[in-house]
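Colleague: One structure is given below, represented as C-alpha cells, and several questions about it will come after.
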Amino acid sequence: QETSGILYPQESESREVKSLDGIWNFRLAPRFQPDLGFQQAWYSASLEKTGRVDLMPVPSSYNDVNQLKEYRDHVGWAWYDRKFRVPSHWQDRRVFVRFGAANYHSIVYINGVKVVEHSGGALPFLAELQSELTFDQENLITVAINNTLSRDTVPQGTTVYQNNARYPDGYFTNDYKFDFFNYAGIHRPVFLYTTPKTFIDDIDVSTRVATVTGYGYVNYSIKAGGSTSKKRKTNIQAVNVIVELEDQEGTVVGRAEGSDGEIAVPNAKLWWPFTMVPDDEDAGYLYTLKVTTLETASNEKDIYRLKVGIRTVTWTEKEFQINNFPFYFRGFGRHEDYDVRGKGVDNVMLVKDHNLIKWTGANSYRTTHYPYAEEIMDLADKLGIVIIDEVPAVSIEGYGSDLLANHKKQMKELIQRDKNRASVVMWSVSNEPWDLHEEAAGVYFKDVIDHTKEVDSRNKRPVTLVCNMYTMHNEDKSAPHVDILSINRYYSWYYDVGHSETIKDAIVIDVENWVNYHKKPLLVAEYGADTIPGLHQSPEFVFTEEYQTVMMKEHFKAFDYLRANSSFIGEHIWNFADFMTTQGIHRVGGNRKGIFTRQRQPKASAHLLRHRYHLMAAES
Ligand code: GCB
C-alpha cells in the first residue's frame, strides 16, 4: 500500500478516536506448521474457537510476558484478536484502524476480511474500513504477525535449517547480526478513528527564522480529501482550507487561507533544545497549527491540530547549527527496551527515560536502531530534546535490489511520519552497514540518500550514516554522499581491550583523518564498555564500574581537544541503559554498556556523565 498521510489519530470537533489497546487473545502458529492459521482460517472467527489461546497485552512484545520458552524464541506467525463495537453514528463517517507499529510483517482482518498488510516493524500503518465493519453487532479484529527476517527485510536476518540427526526434523533458527533482541508483537497503540468524508489527509510544515526582524515563518501545505482506499476514491469537491497558528496561550498569532501558504509570526518564540535556554519553560516551544477544511458542497468541516516548533537547522564544514547557534550533540544511543514489556510502549518508562535524560543534562539522542514510538517523539518535541532519526537498516549487507526497495520504503514512511517534528534535526540512513569500501555500497547508499533528500525536499534536513571501524576514512564509499559524518568507536573494548591509555590518541587521530579528508563535521555516535553494576576493581578492570568511568574520562580528553581544534560536533555514549540481546557468549543478560541499568538505576558512569554534561551546560 502506497503511504498516504499518516497523521496521528486525534480527537477534534470533527473526529473521534477509540483505543483498541488492552488484553487480546493470542495464539502462536506451531513452529513446524507455520501456515496452520491460514489453512484453518483463524481470522474467520474468534481465535478461541481454534484451540487454546493466551492473554496478550497490547501494546507489548509477546516474548517475555509468560513463562514459555517457545514464546520468547518464537519464529513465524503469531495471531491476535479481540472484539469491539462502534457507535452507529460512525456510519456517516470514514473509519480508520491504525497501528503505531507491529514487528515485522502484519496482516489485519476485520470480520474475516483482510484490510491491510504491512512490512516493517517500527512504523505506523492504517486502513480505511468499509463494508467489512458492522454497526449493529460486535466486530472482530484479527492480526497475524510474522517476525521472520530475511536478506531482503530491514533489518536483515537468515533462516538456518539443520539437516542433522541431532536436531528434530525440520529444525531451523532465524539468526541476525544486529545487537538487540528481535522482540515481536503489536508494540504500539492501536486506534480506531473517524474523519468526515472529506478530510485532512496530510499536513506538511517547514519553518524558518529571520534573526534580524525576529519573525518566524511557518510554511504549510495541506492535502485534503485523499483516500487510502482504492474502493472509495473521494470525489473532491471544492475544499476551502483555513489555517490558524495559536501560541501556547491559545492566542491566534497568524492566519492564512488556501491549501498552500505561509504564516509570518512577529516576535516568534523559537523551538530551542532545553540545554540552550536558561529556563525549562522556554524549551521546546510548540505552536498549534489548527487546520480547518470545509467542503463547500456539503458544508462539512474537518479540523486537525498539529504541534509546530519554529526553528532552523543548518550546517557548515565545521559546525552544526540550530537557530543559527552552534549545537554540540551530547547524549546517547538508546533502545526501546524494557523488562517484561520488551519493545511495548509504556508511558511509565517513557516519562522515566525522559526525566533521566534531562537529569543527565544530555541534549540529544539517536533513535538507535529504528524509529521510536510517536508517543516518545512527542516528548522530545515538547521537552526540547534533539533527535537523530534512524531507520532499521542496522548491520545490513549484500545490497540487493529488494533490500534497497524495502530500505527506501521505510525511509519514506519514516519521513512521512516525522517530517513535521521540530526535535528531528537529522536522518540516519543506516547503522554500521558492512563493506563500505565496496563500490556496490557506494551506489546503494547514494540511491538511499538521494531518495531521502527527495522525500524530505521541503525540510532539507541533513543526512548521516553511522559507520564502524572496518573501513578507513579514505576507502569509505558512502561518506561522499552524507552531510554529517558519524562514527562508532570502541577503543579499549573491541580494540586494545583493557588499554584505556590508548584511547585519547586513537580517537584524536581517527577523527582528524575523517574530517580533514571529507571536510565535513563529525559526530562520535557510539563509544562504550560493558559494565556490571556493583562490580568493582582497582586499578580498573574490564566490566567493572571503575573501568567504564576511566574509559569515559579518556574519551573526554580526546573530545575536549577535538571540540577546540576540529569540526567535531558531538559525543553520544553507548548506551543510555542496558538492553536485551539475542543469547550469546559475549552477552551476560544482554548488552551492559548502559550508564543506567535496564531498571533505570544509575551506574557510577551516569554520575560522571551528568557531571560533564552539566559543566557543558554552564559553559554555554
Ligand atoms: C555497535 C552497534 C551497537 C552495539 C554496540 C556493542 O557498534 O552499533 O548496536 O550494541 O556496538 O555494544 O557492541
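The chains in the C-alpha cells are called A, B, ... from first to last as shown; in each chain the residues are counted from 1, and the ligands are counted from 1 in the order shown.
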When DSSP works through the backbone of this structure, what residues of region 484-528 of chain A end up as alpha helix (DSSP H), shown as number ranges by chain?
Modeller: A: 503-518
Colleague: Could you build a table of the residues in chain A lying no more than 7 Å from ligand 1, giving for each the nearest pair of atoms and their separation in Å rounded to one decimal place, using only C-alpha atoms and all ligand atoms, ordered by chain and ascending residue number, as a tab-separated table?
Modeller:
```
residue	atom	partner	partner_atom_place_in_ligand_line	distance
A:Phe178	CA	ligand 1	9 (O)	6.2
A:Asp179	CA	ligand 1	10 (O)	4.8
A:Phe180	CA	ligand 1	10 (O)	6.8
A:Asn431	CA	ligand 1	8 (O)	6.0
A:Glu432	CA	ligand 1	8 (O)	6.0
A:Asn468	CA	ligand 1	7 (O)	6.4
A:Asn488	CA	ligand 1	7 (O)	5.7
A:Glu526	CA	ligand 1	7 (O)	6.8
A:Trp574	CA	ligand 1	12 (O)	7.0
A:Asn591	CA	ligand 1	12 (O)	6.2
A:Lys593	CA	ligand 1	12 (O)	6.4
```
Colleague: Kindly save the residues from that selection, with N, CA and C atoms included, as a tab-separated table (two decimals), in the first residue's frame.
Modeller:
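This went into out_28.tsv:
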```
chain	number	residue	atom	x	y	z
A	178	PHE	N	22.49	-8.06	14.16
A	178	PHE	CA	22.40	-6.82	14.96
A	178	PHE	C	22.29	-7.17	16.44
A	179	ASP	N	22.69	-6.21	17.26
A	179	ASP	CA	22.93	-6.49	18.68
A	179	ASP	C	21.77	-6.04	19.58
A	180	PHE	N	20.55	-6.47	19.24
A	180	PHE	CA	19.44	-6.27	20.18
A	180	PHE	C	18.41	-7.35	19.90
A	431	ASN	N	22.97	2.13	10.35
A	431	ASN	CA	24.00	1.96	11.39
A	431	ASN	C	24.89	0.78	11.04
A	432	GLU	N	26.16	1.05	10.93
A	432	GLU	CA	27.17	0.03	10.70
A	432	GLU	C	26.82	-0.97	9.60
A	468	ASN	N	31.29	1.85	11.07
A	468	ASN	CA	32.10	1.17	12.08
A	468	ASN	C	33.59	1.30	11.73
A	488	ASN	N	31.23	5.06	14.93
A	488	ASN	CA	31.18	4.32	16.20
A	488	ASN	C	32.59	3.80	16.49
A	526	GLU	N	28.92	6.45	18.90
A	526	GLU	CA	28.96	5.41	19.93
A	526	GLU	C	30.38	5.27	20.45
A	574	TRP	N	27.41	4.97	24.15
A	574	TRP	CA	26.64	3.75	24.02
A	574	TRP	C	26.64	3.06	25.36
A	591	ASN	N	23.22	-6.63	26.60
A	591	ASN	CA	24.32	-5.68	26.43
A	591	ASN	C	24.33	-4.77	27.66
A	593	LYS	N	26.29	-2.05	28.34
A	593	LYS	CA	27.03	-0.78	28.18
A	593	LYS	C	26.22	0.42	28.65
```
Colleague: Can you pull out the residues contacting region 55-71 of chain A? Cut-off 6 Å, using only C-alpha atoms, and skip same-chain residues under 4 positions away; I want them as a CSV table (one decimal) with N, CA and C atoms, in the first residue's frame.
Modeller:
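Dumped everything to selection_22.csv:
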```
chain,number,residue,atom,x,y,z
A,21,ASP,N,-6.4,-0.7,22.6
A,21,ASP,CA,-5.4,-1.3,23.5
A,21,ASP,C,-6.1,-2.1,24.6
A,22,GLY,N,-5.4,-3.0,25.1
A,22,GLY,CA,-6.0,-3.8,26.2
A,22,GLY,C,-5.4,-5.3,26.1
A,23,ILE,N,-6.2,-6.2,26.6
A,23,ILE,CA,-5.7,-7.6,26.6
A,23,ILE,C,-6.5,-8.3,25.5
A,24,TRP,N,-5.7,-8.8,24.5
A,24,TRP,CA,-6.2,-9.5,23.4
A,24,TRP,C,-6.1,-11.0,23.6
A,25,ASN,N,-6.8,-11.8,22.7
A,25,ASN,CA,-6.5,-13.2,22.6
A,25,ASN,C,-5.2,-13.4,21.8
A,26,PHE,N,-4.5,-14.5,22.0
A,26,PHE,CA,-3.2,-14.7,21.4
A,26,PHE,C,-3.0,-16.2,21.1
A,183,TYR,N,12.5,-8.4,19.4
A,183,TYR,CA,11.2,-8.5,20.0
A,183,TYR,C,10.1,-8.4,19.0
A,184,ALA,N,9.0,-9.1,19.2
A,184,ALA,CA,7.9,-9.1,18.2
A,184,ALA,C,6.5,-8.9,18.9
A,185,GLY,N,5.6,-8.5,18.1
A,185,GLY,CA,4.2,-8.3,18.6
A,185,GLY,C,3.7,-6.9,18.2
A,186,ILE,N,2.5,-6.6,18.7
A,186,ILE,CA,1.9,-5.3,18.5
A,186,ILE,C,2.6,-4.4,19.5
A,187,HIS,N,3.5,-3.6,19.1
A,187,HIS,CA,4.4,-2.8,20.0
A,187,HIS,C,3.8,-1.5,20.4
A,188,ARG,N,2.9,-1.0,19.6
A,188,ARG,CA,2.5,0.4,19.8
A,188,ARG,C,0.9,0.4,19.7
A,189,PRO,N,0.3,1.5,20.2
A,189,PRO,CA,-1.1,1.6,20.3
A,189,PRO,C,-1.9,1.3,19.0
A,340,VAL,N,10.1,-7.2,30.8
A,340,VAL,CA,8.8,-7.8,30.6
A,340,VAL,C,8.1,-7.3,29.4
A,341,ARG,N,8.1,-5.9,29.2
A,341,ARG,CA,7.3,-5.4,28.0
A,341,ARG,C,8.1,-5.5,26.7
A,342,GLY,N,9.4,-5.7,26.8
A,342,GLY,CA,10.2,-5.7,25.5
A,342,GLY,C,10.2,-4.4,24.9
A,343,LYS,N,9.6,-4.3,23.7
A,343,LYS,CA,9.6,-3.0,23.0
A,343,LYS,C,8.2,-2.4,23.0
A,344,GLY,N,7.3,-2.9,23.9
A,344,GLY,CA,6.0,-2.3,24.0
A,344,GLY,C,6.0,-0.9,24.6
```
Colleague: Just the number, please: distance in Å from CA of Ser423 (chain A) to CA of Ile310 (chain A), one decimal.
Modeller: 10.4 Å
Colleague: Would you pick out the contacts of Val53 (chain A) at 12 Å or less, using only C-alpha atoms, so that residues sharing its chain but fewer than 2 positions from it are not included, and give the list as a PyMOL selection string?
Modeller: chain A and resi 23-29+42+46-51+55-56+78-82
Colleague: Give me, as a list in words, all polymer residues having an atom no more than 6 Å from region 133-141 of chain A, counting only C-alpha atoms and skipping those fewer than 3 positions away in the same chain.
Modeller: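 So the residues in contact are Asp81, Arg82, Lys83, Phe84, Arg85, Ser88, Tyr109, Ile110 and Asn111 of chain A.
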Colleague: Quick one: everything within 9 Å of region 263-272 of chain A, counting only C-alpha atoms, minus sequence neighbours fewer than 2 positions away in the same chain. Send it as an MDAnalysis selection string.
Modeller: chainID A and resid 209 213:220 243:245 247 253:256 261 274:277 282:287 308:312 322:323 381 384:385 422:423
Colleague: Smallest atom-to-atom distance to Thr159 (chain A): which of A:Ser567, A:Gln40, A:Asn174, A:Ser457, using only C-alpha atoms?
Modeller: A:Asn174
Colleague: Counting only C-alpha atoms, figure out which residue out of A:Pro521, A:Pro87, A:Gly498, A:Pro539 gets nearest to Ser486 (chain A).
Modeller: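 Smallest separation from Ser486 (chain A) among the options: A:Pro521.
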Colleague: Rank nothing, just name the residue among A:Arg461, A:Arg94, A:Arg31, A:Lys197 nearest to Asp73 (chain A), using only C-alpha atoms.
Modeller: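 Nearest candidate to Asp73 (chain A) out of A:Arg461, A:Arg94, A:Arg31, A:Lys197: A:Arg31.
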Colleague: Here is a test: counting only C-alpha atoms, which residue of A:Leu414, A:Arg612, A:Arg334, A:Ser401 is nearest to Asn575 (chain A)?
Modeller: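 Of A:Leu414, A:Arg612, A:Arg334, A:Ser401, the one nearest Asn575 (chain A) is A:Arg334, counting only C-alpha atoms.
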Colleague: Could you write out, as a ChimeraX atom specification, all the residues of region 408-570 of chain A that DSSP marks as strand (DSSP E or B)?
Modeller: /A:424-431,463-467,484-488,491,495,522-526,531,543,568-570
Colleague: So, with only C-alpha atoms as the atoms that count, which of A:Gly37, A:Pro124, A:Gly528, A:Gly225 lies closest to Lys412 (chain A)?
Modeller: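 The closest residue to Lys412 (chain A) is A:Pro124.
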Colleague: Within 8 Å of Gly333 (chain A), counting only C-alpha atoms, which residues show up once you throw out same-chain ones fewer than 2 positions away? Write them as an mmCIF file with C-alpha atoms, in the first residue's frame, please.
Modeller:
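As written to disk, part14.cif reads:
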```cif
data_model
loop_
_atom_site.group_PDB
_atom_site.id
_atom_site.type_symbol
_atom_site.label_atom_id
_atom_site.label_comp_id
_atom_site.auth_asym_id
_atom_site.auth_seq_id
_atom_site.Cartn_x
_atom_site.Cartn_y
_atom_site.Cartn_z
ATOM 1 C CA GLY A 331 23.731 12.380 24.631
ATOM 2 C CA HIS A 335 16.833 1.414 22.727
ATOM 3 C CA TYR A 365 19.863 11.118 21.279
ATOM 4 C CA ARG A 366 19.820 8.929 18.198
ATOM 5 C CA THR A 367 16.875 6.559 17.764
ATOM 6 C CA THR A 368 19.203 3.558 17.565
ATOM 7 C CA ALA A 525 27.879 8.257 17.610
ATOM 8 C CA GLU A 526 28.958 5.411 19.933
ATOM 9 C CA HIS A 572 26.903 10.035 22.069
ATOM 10 C CA ILE A 573 27.779 7.322 24.562
ATOM 11 C CA TRP A 574 26.640 3.747 24.016
ATOM 12 C CA ASN A 575 24.216 3.226 25.714
ATOM 13 C CA PHE A 576 21.605 5.067 27.741
#
```
